[in-house]
>>> print(open('upload_15.tsv').read())   # TSV, C-alpha atoms
chain	number	residue	atom	x	y	z
A	1	MET	CA	184.32	126.53	184.16
A	2	LYS	CA	185.95	123.28	185.20
A	3	ALA	CA	187.93	120.98	182.89
A	4	VAL	CA	189.73	117.70	183.44
A	5	ARG	CA	193.16	118.03	181.86
A	6	LEU	CA	196.19	115.82	181.39
A	7	HIS	CA	199.51	117.66	181.11
A	8	GLU	CA	201.97	114.75	181.09
A	9	TYR	CA	201.77	111.08	180.23
A	10	THR	CA	201.65	108.75	183.26
A	11	LYS	CA	200.59	111.65	185.52
A	12	ARG	CA	197.12	111.91	187.02
A	13	PRO	CA	194.57	114.13	185.28
A	14	VAL	CA	193.71	117.29	187.21
A	15	VAL	CA	190.54	119.36	187.50
A	16	GLU	CA	191.30	122.98	186.60
A	17	ASP	CA	189.46	126.23	186.09
A	18	VAL	CA	189.54	127.30	182.45
A	19	PRO	CA	188.04	130.36	180.74
A	20	GLU	CA	184.48	130.12	179.45
A	21	PRO	CA	184.52	129.78	175.64
A	22	ARG	CA	183.39	132.86	173.71
A	23	VAL	CA	182.32	133.66	170.19
A	24	THR	CA	184.67	136.41	169.02
A	25	GLY	CA	184.59	136.22	165.23
A	26	PRO	CA	182.08	135.78	162.41
A	27	LEU	CA	183.10	132.14	161.79
A	28	ASP	CA	183.15	131.11	165.47
A	29	VAL	CA	180.48	128.88	166.99
A	30	LEU	CA	179.76	127.81	170.53
A	31	VAL	CA	178.69	124.18	170.86
A	32	GLU	CA	176.77	122.91	173.87
A	33	ILE	CA	177.91	119.44	174.92
A	34	GLY	CA	175.02	117.29	176.09
A	35	GLY	CA	177.18	114.41	177.25
A	36	ALA	CA	180.71	113.11	177.24
A	37	GLY	CA	182.35	109.76	177.70
A	38	LEU	CA	185.59	107.94	178.21
A	39	CYS	CA	187.00	105.40	175.81
A	40	ARG	CA	189.86	102.93	176.09
A	41	THR	CA	192.13	105.28	174.11
A	42	ASP	CA	191.65	107.91	176.83
A	43	LEU	CA	192.88	105.39	179.39
A	44	HIS	CA	195.87	104.51	177.18
A	45	ILE	CA	196.75	108.21	177.08
A	46	VAL	CA	196.60	108.51	180.88
A	47	GLU	CA	198.68	105.34	181.27
A	48	GLY	CA	201.33	106.70	178.89
A	49	GLN	CA	200.88	103.94	176.31
A	50	TRP	CA	199.77	106.37	173.61
A	51	ALA	CA	203.03	108.34	173.85
A	52	ARG	CA	205.07	105.31	172.83
A	53	LYS	CA	202.70	104.37	169.99
A	54	SER	CA	202.09	107.81	168.54
A	55	GLY	CA	205.08	109.96	169.43
A	56	VAL	CA	202.64	112.80	170.19
A	57	ARG	CA	203.65	115.12	173.01
A	58	LEU	CA	201.23	116.68	175.46
A	59	PRO	CA	199.43	119.01	175.50
A	60	TYR	CA	197.91	117.73	172.27
A	61	ARG	CA	195.57	119.95	170.26
A	62	ARG	CA	194.11	118.52	167.12
A	63	TRP	CA	191.94	121.51	166.23
A	64	PRO	CA	192.78	125.20	166.51
A	65	THR	CA	191.51	126.80	169.69
A	66	ARG	CA	191.13	130.34	170.91
A	67	GLY	CA	191.28	131.78	174.36
>>> encode(input="upload_15.tsv", output="structure tokens")
Amino acid sequence: MKAVRLHEYTKRPVVEDVPEPRVTGPLDVLVEIGGAGLCRTDLHIVEGQWARKSGVRLPYRRWPTRG
């Protein structure tokens, strides 16, 4: 499947192939996304402003992921 990803602040996002998510354990769920959007914070991240304000390095993962 395709995903838009940002690997470095101030760099352009890229469209990449990523593995399809899978349910592999008894506590895993697969969520279907019906829509997605873009907020001003997303633009701040792309512009590199969020790095200065937050000190967070990319890639940033807030929740645990598998795969």
>>> residues_near_point(input="upload_15.tsv", point="(184.2, 123.8, 181.5)", cutoff="7 Å", atoms="all atoms listed in the file", output="NGL selection string")
:A and (1-3 or 18 or 20)
>>> residues_around(input="upload_15.tsv", residues="region 11-13 of chain A", least_positions_apart="4", cutoff="10 Å", atoms="all atoms listed in the file", output="number ranges by chain")
A: 3-7, 45-48
>>> atom_distance(input="upload_15.tsv", atom1="CA of Ile33 (chain A)", atom2="CA of Val15 (chain A)")
17.8 Å
>>> atom_distance(input="upload_15.tsv", atom1="CA of Trp50 (chain A)", atom2="CA of Ala36 (chain A)")
20.5 Å
>>> atom_distance(input="upload_15.tsv", atom1="CA of Gly37 (chain A)", atom2="CA of Pro21 (chain A)")
20.2 Å
